[in-house]
>>> print(open('upload_3.cif').read())   # mmCIF, C-alpha atoms
data_run
#
loop_
_atom_site.label_atom_id
_atom_site.label_comp_id
_atom_site.auth_asym_id
_atom_site.auth_seq_id
_atom_site.Cartn_x
_atom_site.Cartn_y
_atom_site.Cartn_z
CA MET A 160 -177.17 -40.45 70.87
CA ILE A 161 -174.21 -42.79 70.82
CA SER A 162 -175.61 -45.20 73.45
CA GLU A 163 -178.65 -45.86 71.22
CA LEU A 164 -176.45 -46.51 68.22
CA ILE A 165 -174.30 -48.91 70.23
CA SER A 166 -177.23 -50.75 71.81
CA LYS A 167 -178.80 -51.30 68.38
CA ASP A 168 -175.61 -52.53 66.80
CA ASP A 169 -175.33 -56.31 67.32
CA ARG A 170 -172.15 -56.54 65.30
CA PHE A 171 -170.40 -53.99 67.52
CA GLN A 172 -171.51 -55.81 70.66
CA GLU A 173 -170.36 -59.19 69.35
CA ILE A 174 -166.96 -57.77 68.45
CA LEU A 175 -166.70 -56.20 71.91
CA GLU A 176 -167.46 -59.50 73.62
CA ARG A 177 -164.86 -61.28 71.51
CA LEU A 178 -162.24 -58.62 72.25
CA ASN A 179 -163.04 -58.71 75.98
CA ARG A 180 -162.55 -62.48 75.98
CA LYS A 181 -159.26 -62.15 74.06
CA SER A 182 -157.99 -59.58 76.55
CA VAL A 183 -158.64 -61.99 79.43
CA GLU A 184 -157.19 -65.03 77.63
CA ASP A 185 -154.05 -63.20 76.42
CA TYR A 186 -153.36 -61.48 79.72
CA TYR A 187 -149.66 -61.49 80.65
CA ASN A 188 -147.37 -59.96 83.23
CA PRO A 189 -145.37 -57.30 81.37
CA TYR A 190 -143.01 -56.85 84.32
CA ARG A 191 -141.73 -60.41 83.81
CA MET A 192 -142.09 -60.53 80.06
CA PHE A 193 -138.83 -59.08 78.77
CA ASP A 194 -135.13 -59.67 79.04
CA TRP A 195 -133.57 -56.33 79.74
CA PRO A 196 -129.83 -56.63 79.10
CA ASP A 197 -127.73 -53.93 80.76
CA SER A 198 -126.96 -52.48 77.36
CA LEU A 199 -127.74 -53.12 73.72
CA PRO A 200 -125.03 -53.25 71.03
CA GLU A 201 -124.42 -49.80 69.56
CA HIS A 202 -122.91 -50.96 66.27
CA ARG A 203 -126.21 -52.25 64.99
CA TRP A 204 -129.60 -51.02 63.78
CA TRP A 205 -131.97 -50.02 66.61
CA MET A 206 -134.79 -49.34 64.20
CA SER A 207 -135.38 -50.77 60.76
CA PRO A 208 -133.46 -48.36 58.52
CA GLU A 209 -136.47 -48.04 56.17
CA LEU A 210 -138.39 -46.53 59.10
CA THR A 211 -135.81 -43.87 59.88
CA THR A 212 -136.53 -40.36 58.68
CA THR A 213 -133.37 -40.03 56.58
CA PHE A 214 -133.78 -43.29 54.64
CA GLY A 215 -133.53 -42.84 50.87
CA THR A 216 -132.47 -39.20 51.13
CA ASP A 217 -129.24 -37.38 50.30
CA ILE A 218 -128.79 -36.77 54.04
CA ALA A 219 -128.50 -40.51 54.73
CA ALA A 220 -125.98 -40.74 51.87
CA GLU A 221 -123.83 -38.12 53.67
CA LEU A 222 -123.68 -40.17 56.90
CA SER A 223 -121.29 -43.00 57.76
CA GLU A 224 -122.60 -46.41 58.78
CA GLU A 225 -121.70 -45.61 62.38
CA GLN A 226 -123.67 -42.35 62.26
CA LEU A 227 -126.67 -44.11 60.74
CA TYR A 228 -126.66 -46.71 63.54
CA ARG A 229 -126.41 -43.91 66.10
CA LEU A 230 -129.23 -42.01 64.44
CA SER A 231 -131.41 -45.14 64.41
CA ARG A 232 -130.80 -45.46 68.16
CA PHE A 233 -132.02 -41.92 68.92
CA GLU A 234 -134.88 -42.19 66.43
CA SER A 235 -136.02 -45.35 68.18
CA ILE A 236 -135.92 -43.58 71.57
CA ASN A 237 -137.98 -40.78 70.02
CA PHE A 238 -140.45 -43.32 68.67
CA TYR A 239 -140.90 -45.01 72.07
CA SER A 240 -141.14 -41.56 73.68
CA LEU A 241 -143.98 -40.68 71.30
CA ASN A 242 -145.66 -43.83 72.58
CA VAL A 243 -145.23 -42.78 76.21
CA ASP A 244 -146.75 -39.33 75.62
CA GLY A 245 -149.43 -40.62 73.24
CA ILE A 246 -150.51 -43.31 75.68
CA ARG A 247 -150.77 -40.79 78.52
CA ASP A 248 -153.18 -38.74 76.42
CA LEU A 249 -155.31 -41.68 75.37
CA ILE A 250 -155.54 -43.08 78.89
CA VAL A 251 -156.76 -39.66 80.06
CA GLU A 252 -159.41 -39.48 77.32
CA VAL A 253 -160.70 -43.02 77.80
CA THR A 254 -160.69 -42.64 81.60
CA ARG A 255 -162.83 -39.51 81.19
CA ARG A 256 -165.46 -41.57 79.36
CA ILE A 257 -165.46 -44.94 81.16
CA HIS A 258 -168.80 -45.62 82.93
CA THR A 259 -170.30 -42.37 81.73
CA ARG A 260 -173.53 -41.97 79.82
CA GLY A 261 -173.22 -43.19 76.26
CA PHE A 262 -170.26 -45.45 76.99
CA GLU A 263 -171.98 -48.07 79.17
CA VAL A 264 -171.47 -50.89 76.66
CA PRO A 265 -167.77 -50.42 75.87
CA SER A 266 -166.81 -49.68 79.51
CA GLU A 267 -165.71 -53.25 80.19
CA PHE A 268 -163.40 -53.11 77.21
CA PHE A 269 -162.17 -49.70 78.43
CA HIS A 270 -160.94 -51.44 81.61
CA HIS A 271 -158.80 -53.81 79.53
CA PHE A 272 -157.74 -50.97 77.30
CA ILE A 273 -156.61 -48.68 80.14
CA GLY A 274 -154.84 -51.56 81.90
CA GLU A 275 -153.01 -52.69 78.80
CA GLU A 276 -152.06 -49.18 77.78
CA ASN A 277 -150.65 -48.53 81.24
CA GLU A 278 -148.42 -51.60 80.79
CA HIS A 279 -147.34 -50.54 77.32
CA MET A 280 -146.41 -47.14 78.67
CA TRP A 281 -144.31 -48.84 81.33
CA PHE A 282 -142.25 -50.96 78.94
CA PHE A 283 -141.75 -48.12 76.44
CA ALA A 284 -140.60 -45.79 79.21
CA GLU A 285 -138.38 -48.54 80.59
CA PHE A 286 -136.72 -48.94 77.19
CA CYS A 287 -136.17 -45.17 76.81
CA LEU A 288 -134.71 -44.75 80.29
CA ARG A 289 -132.52 -47.87 80.20
CA TYR A 290 -131.06 -47.43 76.75
CA GLY A 291 -131.50 -43.75 75.96
CA ASN A 292 -131.31 -42.22 79.46
CA LYS A 293 -134.19 -39.98 78.52
CA ILE A 294 -137.73 -39.66 77.28
CA TYR A 295 -138.15 -37.03 74.57
CA ARG A 296 -141.05 -34.95 75.84
CA GLN A 297 -143.57 -33.85 73.26
CA LEU A 298 -145.12 -30.42 73.53
CA GLU A 299 -148.60 -30.27 74.93
CA PRO A 300 -150.84 -29.08 72.11
CA ALA A 301 -151.89 -25.52 72.88
CA GLY A 302 -154.34 -23.00 71.55
CA ASP A 303 -157.09 -25.10 70.07
CA GLY A 304 -159.58 -22.48 68.97
CA GLU A 305 -161.88 -24.99 67.21
CA THR A 306 -165.30 -25.55 68.70
CA TRP A 307 -166.94 -28.89 68.02
CA SER A 308 -170.36 -30.38 68.63
CA ASP A 309 -170.44 -33.22 71.20
CA GLU A 310 -170.69 -35.75 68.35
CA ALA A 311 -167.66 -34.33 66.54
CA ALA A 312 -165.66 -34.04 69.77
CA SER A 313 -166.17 -37.71 70.70
CA PHE A 314 -165.55 -38.82 67.14
CA LEU A 315 -162.26 -36.90 66.98
CA VAL A 316 -161.04 -38.19 70.35
CA PHE A 317 -161.42 -41.82 69.30
CA LEU A 318 -160.21 -41.15 65.78
CA ARG A 319 -157.02 -39.56 67.13
CA ILE A 320 -156.50 -42.59 69.38
CA LEU A 321 -157.02 -44.92 66.42
CA LEU A 322 -154.68 -43.01 64.10
CA PHE A 323 -152.00 -42.89 66.75
CA GLU A 324 -152.28 -46.65 67.27
CA GLU A 325 -152.22 -47.29 63.53
CA LEU A 326 -149.10 -45.16 63.07
CA VAL A 327 -147.33 -46.94 65.90
CA ASP A 328 -148.43 -50.34 64.66
CA HIS A 329 -146.83 -49.80 61.27
CA PHE A 330 -143.51 -49.41 63.08
CA ASN A 331 -144.15 -52.25 65.55
CA SER A 332 -145.10 -54.83 62.97
CA THR A 333 -142.10 -53.99 60.78
CA MET A 334 -139.60 -54.03 63.65
CA ALA A 335 -141.02 -57.18 65.25
CA ALA A 336 -140.17 -59.06 62.05
CA ASP A 337 -136.80 -57.41 61.38
CA GLU A 338 -133.91 -59.82 62.02
CA ARG A 339 -131.35 -57.01 61.90
CA LEU A 340 -132.65 -55.81 65.29
CA HIS A 341 -131.75 -57.06 68.76
CA ASP A 342 -134.15 -59.59 70.35
CA THR A 343 -135.23 -57.17 73.10
CA ILE A 344 -136.17 -54.53 70.52
CA ARG A 345 -138.08 -57.09 68.49
CA ALA A 346 -139.87 -58.41 71.58
CA VAL A 347 -141.04 -54.96 72.72
CA ASN A 348 -142.42 -54.29 69.26
CA ARG A 349 -143.98 -57.74 68.90
CA ILE A 350 -145.83 -57.65 72.22
CA HIS A 351 -147.14 -54.19 71.55
CA HIS A 352 -148.26 -55.20 68.06
CA GLN A 353 -150.21 -58.16 69.50
CA ASP A 354 -152.14 -56.04 71.98
CA GLU A 355 -152.66 -53.19 69.58
CA SER A 356 -154.29 -55.38 66.96
CA ARG A 357 -157.18 -55.76 69.45
CA HIS A 358 -157.25 -52.06 70.23
CA ILE A 359 -157.20 -51.17 66.54
CA ALA A 360 -160.04 -53.61 65.78
CA PHE A 361 -162.08 -51.98 68.55
CA GLY A 362 -161.11 -48.46 67.47
CA ARG A 363 -162.17 -49.01 63.88
CA GLU A 364 -165.59 -50.26 64.95
CA LEU A 365 -166.18 -47.48 67.46
CA VAL A 366 -164.96 -44.74 65.13
CA SER A 367 -167.24 -46.03 62.32
CA LEU A 368 -170.16 -45.89 64.72
CA LEU A 369 -169.28 -42.43 65.95
CA PHE A 370 -168.95 -41.29 62.35
CA ARG A 371 -172.47 -42.52 61.62
CA ASP A 372 -173.63 -40.54 64.67
CA LEU A 373 -171.79 -37.45 63.41
CA THR A 374 -173.18 -37.61 59.87
CA ALA A 375 -176.69 -38.24 61.17
CA ASN A 376 -176.66 -35.35 63.63
CA GLY A 377 -173.96 -32.92 62.48
CA SER A 378 -173.92 -30.30 59.74
CA GLN A 379 -172.15 -30.54 56.38
CA GLU A 380 -170.10 -27.49 57.33
CA GLU A 381 -168.80 -29.20 60.45
CA LEU A 382 -168.09 -32.40 58.53
CA GLU A 383 -165.84 -30.46 56.16
CA ARG A 384 -164.03 -28.87 59.11
CA VAL A 385 -163.60 -32.32 60.66
CA ARG A 386 -162.08 -33.62 57.41
CA ALA A 387 -159.68 -30.70 57.17
CA TYR A 388 -158.68 -31.32 60.78
CA ILE A 389 -158.05 -35.03 60.14
CA ARG A 390 -155.72 -34.27 57.21
CA ARG A 391 -153.81 -31.77 59.33
CA TYR A 392 -153.68 -34.23 62.21
CA LEU A 393 -152.17 -36.91 59.97
CA ASN A 394 -149.48 -34.43 58.88
CA TYR A 395 -148.87 -33.29 62.46
CA SER A 396 -148.48 -36.90 63.70
CA PHE A 397 -146.14 -37.78 60.88
CA GLU A 398 -143.98 -34.70 61.47
CA SER A 399 -143.53 -35.68 65.12
CA LEU A 400 -141.21 -38.42 63.86
CA PHE A 401 -138.81 -35.71 62.62
CA ASN A 402 -137.41 -34.41 65.89
CA PRO A 403 -134.50 -31.94 65.63
CA HIS A 404 -133.39 -32.88 69.15
CA VAL A 405 -132.86 -36.42 67.86
CA TYR A 406 -130.64 -35.19 65.02
CA ARG A 407 -128.71 -33.05 67.51
CA ASP A 408 -128.23 -35.98 69.91
CA ALA A 409 -127.09 -38.16 67.02
CA GLY A 410 -124.36 -35.58 66.31
CA ILE A 411 -125.80 -34.33 63.03
CA PRO A 412 -124.95 -30.67 62.42
CA GLU A 413 -127.68 -28.08 61.86
CA PRO A 414 -130.51 -30.28 63.13
CA PHE A 415 -133.29 -27.79 62.33
CA ALA A 416 -132.14 -27.36 58.74
CA VAL A 417 -131.87 -31.14 58.44
CA ARG A 418 -135.46 -31.49 59.61
CA ARG A 419 -136.65 -28.96 57.03
CA ARG A 420 -134.68 -30.63 54.24
CA LEU A 421 -136.12 -34.02 55.18
CA LEU A 422 -139.70 -32.81 55.36
CA ALA A 423 -139.34 -31.12 51.97
CA HIS A 424 -137.79 -34.25 50.42
CA PRO A 425 -140.10 -36.21 48.06
CA ARG A 426 -139.38 -39.36 50.04
CA SER A 427 -141.25 -37.93 53.04
CA ALA A 428 -144.58 -37.80 51.19
CA GLU A 429 -143.97 -41.38 50.05
CA PHE A 430 -142.99 -42.45 53.58
CA GLN A 431 -146.12 -40.84 54.98
CA GLN A 432 -148.32 -42.77 52.57
CA GLN A 433 -146.56 -46.00 53.65
CA VAL A 434 -146.97 -45.24 57.34
CA PHE A 435 -150.67 -44.44 56.95
CA ARG A 436 -151.49 -47.00 54.22
CA LYS A 437 -153.90 -49.03 56.36
CA PRO A 438 -155.65 -46.16 58.18
CA LEU A 439 -156.06 -44.27 54.89
CA ASN A 440 -157.68 -47.36 53.37
CA TYR A 441 -160.02 -47.41 56.34
CA LEU A 442 -160.78 -43.68 56.25
CA VAL A 443 -161.61 -43.76 52.54
CA LYS A 444 -163.61 -47.00 52.77
CA THR A 445 -165.79 -45.64 55.56
CA GLY A 446 -166.26 -42.31 53.77
CA ILE A 447 -164.61 -40.40 56.60
CA LEU A 448 -162.20 -38.96 54.02
CA PRO A 449 -163.05 -38.70 50.31
CA ASP A 450 -159.53 -39.64 49.16
CA ARG A 451 -155.98 -40.38 50.32
CA GLU A 452 -154.67 -36.94 49.50
CA LEU A 453 -153.04 -35.35 52.54
CA GLY A 454 -151.51 -32.34 50.86
CA PHE A 455 -148.16 -33.18 52.36
CA ALA A 456 -145.97 -30.91 50.27
CA ARG A 457 -143.84 -28.97 52.65
CA THR A 458 -142.66 -25.54 51.66
CA PRO A 459 -139.31 -25.18 53.34
CA VAL A 460 -139.85 -22.09 55.45
CA GLY A 461 -137.73 -21.00 58.35
CA ARG A 462 -134.44 -19.41 59.04
CA GLY A 463 -132.78 -17.94 55.98
CA ASN A 464 -135.45 -18.86 53.48
CA ALA A 465 -138.70 -17.62 54.94
CA MET B 288 -126.29 -17.68 73.07
CA PRO B 289 -129.58 -15.85 72.62
CA SER B 290 -129.65 -13.62 69.60
CA THR B 291 -129.91 -9.85 70.10
CA THR B 292 -130.99 -8.91 66.58
CA SER B 293 -134.59 -8.33 65.56
CA SER B 294 -134.02 -10.04 62.21
CA ASN B 295 -134.31 -13.39 63.91
CA LEU B 296 -137.67 -12.44 65.35
CA ASP B 297 -138.63 -11.55 61.78
CA THR B 298 -137.99 -15.18 60.93
CA VAL B 299 -140.72 -16.10 63.41
CA ARG B 300 -143.04 -13.42 62.01
CA ASN B 301 -142.33 -14.58 58.44
CA TRP B 302 -143.09 -18.16 59.40
CA LEU B 303 -146.51 -17.07 60.67
CA LEU B 304 -147.16 -14.96 57.56
CA ALA B 305 -146.18 -17.85 55.28
CA LYS B 306 -148.73 -20.04 57.07
CA HIS B 307 -151.40 -17.33 56.75
CA PRO B 308 -151.13 -15.80 53.28
CA GLU B 309 -154.31 -13.81 53.96
CA ARG B 310 -152.31 -11.69 56.42
CA THR B 311 -149.73 -9.04 55.49
CA SER B 312 -148.65 -8.01 58.98
CA ILE B 313 -148.76 -9.09 62.61
CA ALA B 314 -148.52 -6.52 65.41
CA ALA B 315 -146.03 -7.21 68.18
CA ASP B 316 -148.80 -7.33 70.78
CA GLU B 317 -151.33 -9.36 68.79
CA ASP B 318 -152.54 -12.48 70.61
CA LEU B 319 -151.38 -15.20 68.22
CA ILE B 320 -153.54 -17.91 69.74
CA LYS B 321 -156.69 -15.84 69.96
CA ALA B 322 -156.20 -14.73 66.35
CA ARG B 323 -155.71 -18.43 65.51
CA LEU B 324 -152.39 -17.74 63.85
CA VAL B 325 -151.15 -20.65 65.98
CA ASP B 326 -153.34 -23.58 66.97
CA SER B 327 -152.92 -26.97 68.62
CA LEU B 328 -151.65 -28.62 65.44
CA SER B 329 -149.16 -25.90 64.52
CA PHE B 330 -147.86 -25.17 68.01
CA VAL B 331 -145.02 -27.70 67.90
CA GLU B 332 -143.77 -26.37 64.58
CA PHE B 333 -144.07 -22.83 65.94
CA VAL B 334 -142.00 -23.57 69.04
CA LEU B 335 -139.34 -25.27 66.91
CA THR B 336 -139.23 -22.16 64.71
CA VAL B 337 -138.68 -19.94 67.78
CA GLU B 338 -136.07 -22.37 69.10
CA GLU B 339 -134.07 -22.29 65.88
CA ALA B 340 -134.39 -18.56 65.28
CA SER B 341 -133.40 -17.63 68.85
CA GLY B 342 -130.72 -20.27 69.30
CA VAL B 343 -132.16 -20.91 72.76
CA GLU B 344 -132.83 -24.53 73.66
CA ILE B 345 -136.44 -24.70 74.84
CA ASP B 346 -137.36 -27.28 77.44
CA HIS B 347 -140.61 -28.67 76.11
CA GLU B 348 -141.62 -29.90 79.53
CA THR B 349 -141.59 -26.54 81.26
CA ILE B 350 -142.95 -24.35 78.51
CA ASP B 351 -145.19 -21.45 79.56
CA LEU B 352 -147.84 -20.71 76.96
CA GLU B 353 -147.82 -17.03 77.95
CA ASP B 354 -144.26 -16.74 76.61
CA PHE B 355 -145.61 -17.63 73.15
CA ARG B 356 -148.79 -15.60 73.11
CA THR B 357 -147.43 -12.51 71.33
CA LEU B 358 -144.34 -11.66 69.30
CA GLU B 359 -143.24 -9.21 71.98
CA ALA B 360 -143.55 -11.92 74.67
CA ILE B 361 -141.42 -14.22 72.53
CA GLU B 362 -138.86 -11.47 72.03
CA ARG B 363 -138.72 -10.74 75.74
CA LYS B 364 -138.21 -14.36 76.67
CA TYR B 365 -136.10 -15.80 73.89
CA PHE B 366 -134.28 -13.00 72.01
#
>>> encode(input="upload_3.cif", output="structure tokens")
Amino acid sequence: MISELISKDDRFQEILERLNRKSVEDYYNPYRMFDWPDSLPEHRWWMSPELTTTFGTDIAAELSEEQLYRLSRFESINFYSLNVDGIRDLIVEVTRRIHTRGFEVPSEFFHHFIGEENEHMWFFAEFCLRYGNKIYRQLEPAGDGETWSDEAASFLVFLRILLFEELVDHFNSTMAADERLHDTIRAVNRIHHQDESRHIAFGRELVSLLFRDLTANGSQEELERVRAYIRRYLNYSFESLFNPHVYRDAGIPEPFAVRRRLLAHPRSAEFQQQVFRKPLNYLVKTGILPDRELGFARTPVGRGNA
Amino acid sequence: MPSTTSSNLDTVRNWLLAKHPERTSIAADEDLIKARLVDSLSFVEFVLTVEEASGVEIDHETIDLEDFRTLEAIERKYF
């Protein structure tokens, strides 16, 4: 039972207390935190070019500087939109568990977590609506035929939250430090990075604990299914960065074909390893995954070549 | 404009078959989700495949899962 594991784990409880204190000390009013100019300059990077999906590919070489700036604008709106949808899901999952059996100890931290995530969602949505006039909606995942034990289900919920935060943080930390970007863009990324470092520290501890619970109580067969799911989830999350609607909005012809070409490009596998460098280190170190291999070798299937 | 040819629906069928090499055919009325030919992690990719093959822009916010449950439902709605 997870509550027993938590109550016996002094290290986890000490970390929780420290993170609770930090949340109180670092508390800020997000609604007064940012300068929101009426518009941001279009002839400039909106996202670090190295983080855009076309970087280092023949497709980027075919685009003018102006087109690349425009693409970086829509890719950044897609990135913040992913945050909005991702945060909605994680707030729902954590809210389901707060003050329920098994989660008595982390419930105080869950209050900070839910509050902070709500604020993050607000400033990401504000950015999208002010500067992109839209939020790119992600599809609700449908048709999950997998059945999991309670241990595996809780483990996967918090692992998904952690991996989502780690993915986002790679982008935030890079963009916060990138002098080519406008101050407002850097500020949004910096503030989020500061809060997320606490959430990630918590997530890594909780997920390690839940993994111990899973290996102690679950079967080897389920563990292998969990591992296969994690690899697929890492590919699924990464692919969400390649949104054909973004390419269309940026004025790039044949957006679906562009997406396929990009996903099949060797740079994408490299990019994925960069994006997930830290979480993969964590997953391998904790034994959650045996290695860093994600099997990300896309066969370009689809119209005309299926 | 929505396509009126069945060859574009074949693109959708071929995408599913490529993902499931153990299968050689998929009946038009087979429940794709029940048969686990599509699951939560492949659903996005699947919808994008339908969107491209049909040429119909799909509003991700208002999607009805029933329209994606079988190949014939997809054909009815998008082709």
>>> atom_distance(input="upload_3.cif", atom1="atom CA of A:Glu398", atom2="atom CA of B:Val331")
9.6 Å
>>> resolve_selection(input="upload_3.cif", expression="the PyMOL selection byres ((chain B) within 12 of (chain A))", output="VMD selection string")
chain B and resid 294 to 306 318 to 342 344 to 353 355 to 356
>>> write_last_selection(input="upload_3.cif", atoms="C-alpha atoms", output="PDB file, keeping the file's coordinate frame")
ATOM      1  CA  SER B 294    -134.020 -10.040  62.210  1.00  0.00           C
ATOM      2  CA  ASN B 295    -134.310 -13.390  63.910  1.00  0.00           C
ATOM      3  CA  LEU B 296    -137.670 -12.440  65.350  1.00  0.00           C
ATOM      4  CA  ASP B 297    -138.630 -11.550  61.780  1.00  0.00           C
ATOM      5  CA  THR B 298    -137.990 -15.180  60.930  1.00  0.00           C
ATOM      6  CA  VAL B 299    -140.720 -16.100  63.410  1.00  0.00           C
ATOM      7  CA  ARG B 300    -143.040 -13.420  62.010  1.00  0.00           C
ATOM      8  CA  ASN B 301    -142.330 -14.580  58.440  1.00  0.00           C
ATOM      9  CA  TRP B 302    -143.090 -18.160  59.400  1.00  0.00           C
ATOM     10  CA  LEU B 303    -146.510 -17.070  60.670  1.00  0.00           C
ATOM     11  CA  LEU B 304    -147.160 -14.960  57.560  1.00  0.00           C
ATOM     12  CA  ALA B 305    -146.180 -17.850  55.280  1.00  0.00           C
ATOM     13  CA  LYS B 306    -148.730 -20.040  57.070  1.00  0.00           C
ATOM     14  CA  ASP B 318    -152.540 -12.480  70.610  1.00  0.00           C
ATOM     15  CA  LEU B 319    -151.380 -15.200  68.220  1.00  0.00           C
ATOM     16  CA  ILE B 320    -153.540 -17.910  69.740  1.00  0.00           C
ATOM     17  CA  LYS B 321    -156.690 -15.840  69.960  1.00  0.00           C
ATOM     18  CA  ALA B 322    -156.200 -14.730  66.350  1.00  0.00           C
ATOM     19  CA  ARG B 323    -155.710 -18.430  65.510  1.00  0.00           C
ATOM     20  CA  LEU B 324    -152.390 -17.740  63.850  1.00  0.00           C
ATOM     21  CA  VAL B 325    -151.150 -20.650  65.980  1.00  0.00           C
ATOM     22  CA  ASP B 326    -153.340 -23.580  66.970  1.00  0.00           C
ATOM     23  CA  SER B 327    -152.920 -26.970  68.620  1.00  0.00           C
ATOM     24  CA  LEU B 328    -151.650 -28.620  65.440  1.00  0.00           C
ATOM     25  CA  SER B 329    -149.160 -25.900  64.520  1.00  0.00           C
ATOM     26  CA  PHE B 330    -147.860 -25.170  68.010  1.00  0.00           C
ATOM     27  CA  VAL B 331    -145.020 -27.700  67.900  1.00  0.00           C
ATOM     28  CA  GLU B 332    -143.770 -26.370  64.580  1.00  0.00           C
ATOM     29  CA  PHE B 333    -144.070 -22.830  65.940  1.00  0.00           C
ATOM     30  CA  VAL B 334    -142.000 -23.570  69.040  1.00  0.00           C
ATOM     31  CA  LEU B 335    -139.340 -25.270  66.910  1.00  0.00           C
ATOM     32  CA  THR B 336    -139.230 -22.160  64.710  1.00  0.00           C
ATOM     33  CA  VAL B 337    -138.680 -19.940  67.780  1.00  0.00           C
ATOM     34  CA  GLU B 338    -136.070 -22.370  69.100  1.00  0.00           C
ATOM     35  CA  GLU B 339    -134.070 -22.290  65.880  1.00  0.00           C
ATOM     36  CA  ALA B 340    -134.390 -18.560  65.280  1.00  0.00           C
ATOM     37  CA  SER B 341    -133.400 -17.630  68.850  1.00  0.00           C
ATOM     38  CA  GLY B 342    -130.720 -20.270  69.300  1.00  0.00           C
ATOM     39  CA  GLU B 344    -132.830 -24.530  73.660  1.00  0.00           C
ATOM     40  CA  ILE B 345    -136.440 -24.700  74.840  1.00  0.00           C
ATOM     41  CA  ASP B 346    -137.360 -27.280  77.440  1.00  0.00           C
ATOM     42  CA  HIS B 347    -140.610 -28.670  76.110  1.00  0.00           C
ATOM     43  CA  GLU B 348    -141.620 -29.900  79.530  1.00  0.00           C
ATOM     44  CA  THR B 349    -141.590 -26.540  81.260  1.00  0.00           C
ATOM     45  CA  ILE B 350    -142.950 -24.350  78.510  1.00  0.00           C
ATOM     46  CA  ASP B 351    -145.190 -21.450  79.560  1.00  0.00           C
ATOM     47  CA  LEU B 352    -147.840 -20.710  76.960  1.00  0.00           C
ATOM     48  CA  GLU B 353    -147.820 -17.030  77.950  1.00  0.00           C
ATOM     49  CA  PHE B 355    -145.610 -17.630  73.150  1.00  0.00           C
ATOM     50  CA  ARG B 356    -148.790 -15.600  73.110  1.00  0.00           C
TER      51      ARG B 356
END
>>> resolve_selection(input="upload_3.cif", expression="the PyMOL selection byres ((chain A and resi 434-438) around 12)", output="PyMOL selection string")
chain A and resi 209-212+318-333+359-360+362-363+366+389-390+392-394+396-398+400+427-433+439-445+447-448+450-453
>>> write_last_selection(input="upload_3.cif", atoms="C-alpha atoms", output="mmCIF file, in the coordinates of the input")
data_model
loop_
_atom_site.group_PDB
_atom_site.id
_atom_site.type_symbol
_atom_site.label_atom_id
_atom_site.label_comp_id
_atom_site.auth_asym_id
_atom_site.auth_seq_id
_atom_site.Cartn_x
_atom_site.Cartn_y
_atom_site.Cartn_z
ATOM 1 C CA GLU A 209 -136.470 -48.040 56.170
ATOM 2 C CA LEU A 210 -138.390 -46.530 59.100
ATOM 3 C CA THR A 211 -135.810 -43.870 59.880
ATOM 4 C CA THR A 212 -136.530 -40.360 58.680
ATOM 5 C CA LEU A 318 -160.210 -41.150 65.780
ATOM 6 C CA ARG A 319 -157.020 -39.560 67.130
ATOM 7 C CA ILE A 320 -156.500 -42.590 69.380
ATOM 8 C CA LEU A 321 -157.020 -44.920 66.420
ATOM 9 C CA LEU A 322 -154.680 -43.010 64.100
ATOM 10 C CA PHE A 323 -152.000 -42.890 66.750
ATOM 11 C CA GLU A 324 -152.280 -46.650 67.270
ATOM 12 C CA GLU A 325 -152.220 -47.290 63.530
ATOM 13 C CA LEU A 326 -149.100 -45.160 63.070
ATOM 14 C CA VAL A 327 -147.330 -46.940 65.900
ATOM 15 C CA ASP A 328 -148.430 -50.340 64.660
ATOM 16 C CA HIS A 329 -146.830 -49.800 61.270
ATOM 17 C CA PHE A 330 -143.510 -49.410 63.080
ATOM 18 C CA ASN A 331 -144.150 -52.250 65.550
ATOM 19 C CA SER A 332 -145.100 -54.830 62.970
ATOM 20 C CA THR A 333 -142.100 -53.990 60.780
ATOM 21 C CA ILE A 359 -157.200 -51.170 66.540
ATOM 22 C CA ALA A 360 -160.040 -53.610 65.780
ATOM 23 C CA GLY A 362 -161.110 -48.460 67.470
ATOM 24 C CA ARG A 363 -162.170 -49.010 63.880
ATOM 25 C CA VAL A 366 -164.960 -44.740 65.130
ATOM 26 C CA ILE A 389 -158.050 -35.030 60.140
ATOM 27 C CA ARG A 390 -155.720 -34.270 57.210
ATOM 28 C CA TYR A 392 -153.680 -34.230 62.210
ATOM 29 C CA LEU A 393 -152.170 -36.910 59.970
ATOM 30 C CA ASN A 394 -149.480 -34.430 58.880
ATOM 31 C CA SER A 396 -148.480 -36.900 63.700
ATOM 32 C CA PHE A 397 -146.140 -37.780 60.880
ATOM 33 C CA GLU A 398 -143.980 -34.700 61.470
ATOM 34 C CA LEU A 400 -141.210 -38.420 63.860
ATOM 35 C CA SER A 427 -141.250 -37.930 53.040
ATOM 36 C CA ALA A 428 -144.580 -37.800 51.190
ATOM 37 C CA GLU A 429 -143.970 -41.380 50.050
ATOM 38 C CA PHE A 430 -142.990 -42.450 53.580
ATOM 39 C CA GLN A 431 -146.120 -40.840 54.980
ATOM 40 C CA GLN A 432 -148.320 -42.770 52.570
ATOM 41 C CA GLN A 433 -146.560 -46.000 53.650
ATOM 42 C CA LEU A 439 -156.060 -44.270 54.890
ATOM 43 C CA ASN A 440 -157.680 -47.360 53.370
ATOM 44 C CA TYR A 441 -160.020 -47.410 56.340
ATOM 45 C CA LEU A 442 -160.780 -43.680 56.250
ATOM 46 C CA VAL A 443 -161.610 -43.760 52.540
ATOM 47 C CA LYS A 444 -163.610 -47.000 52.770
ATOM 48 C CA THR A 445 -165.790 -45.640 55.560
ATOM 49 C CA ILE A 447 -164.610 -40.400 56.600
ATOM 50 C CA LEU A 448 -162.200 -38.960 54.020
ATOM 51 C CA ASP A 450 -159.530 -39.640 49.160
ATOM 52 C CA ARG A 451 -155.980 -40.380 50.320
ATOM 53 C CA GLU A 452 -154.670 -36.940 49.500
ATOM 54 C CA LEU A 453 -153.040 -35.350 52.540
#
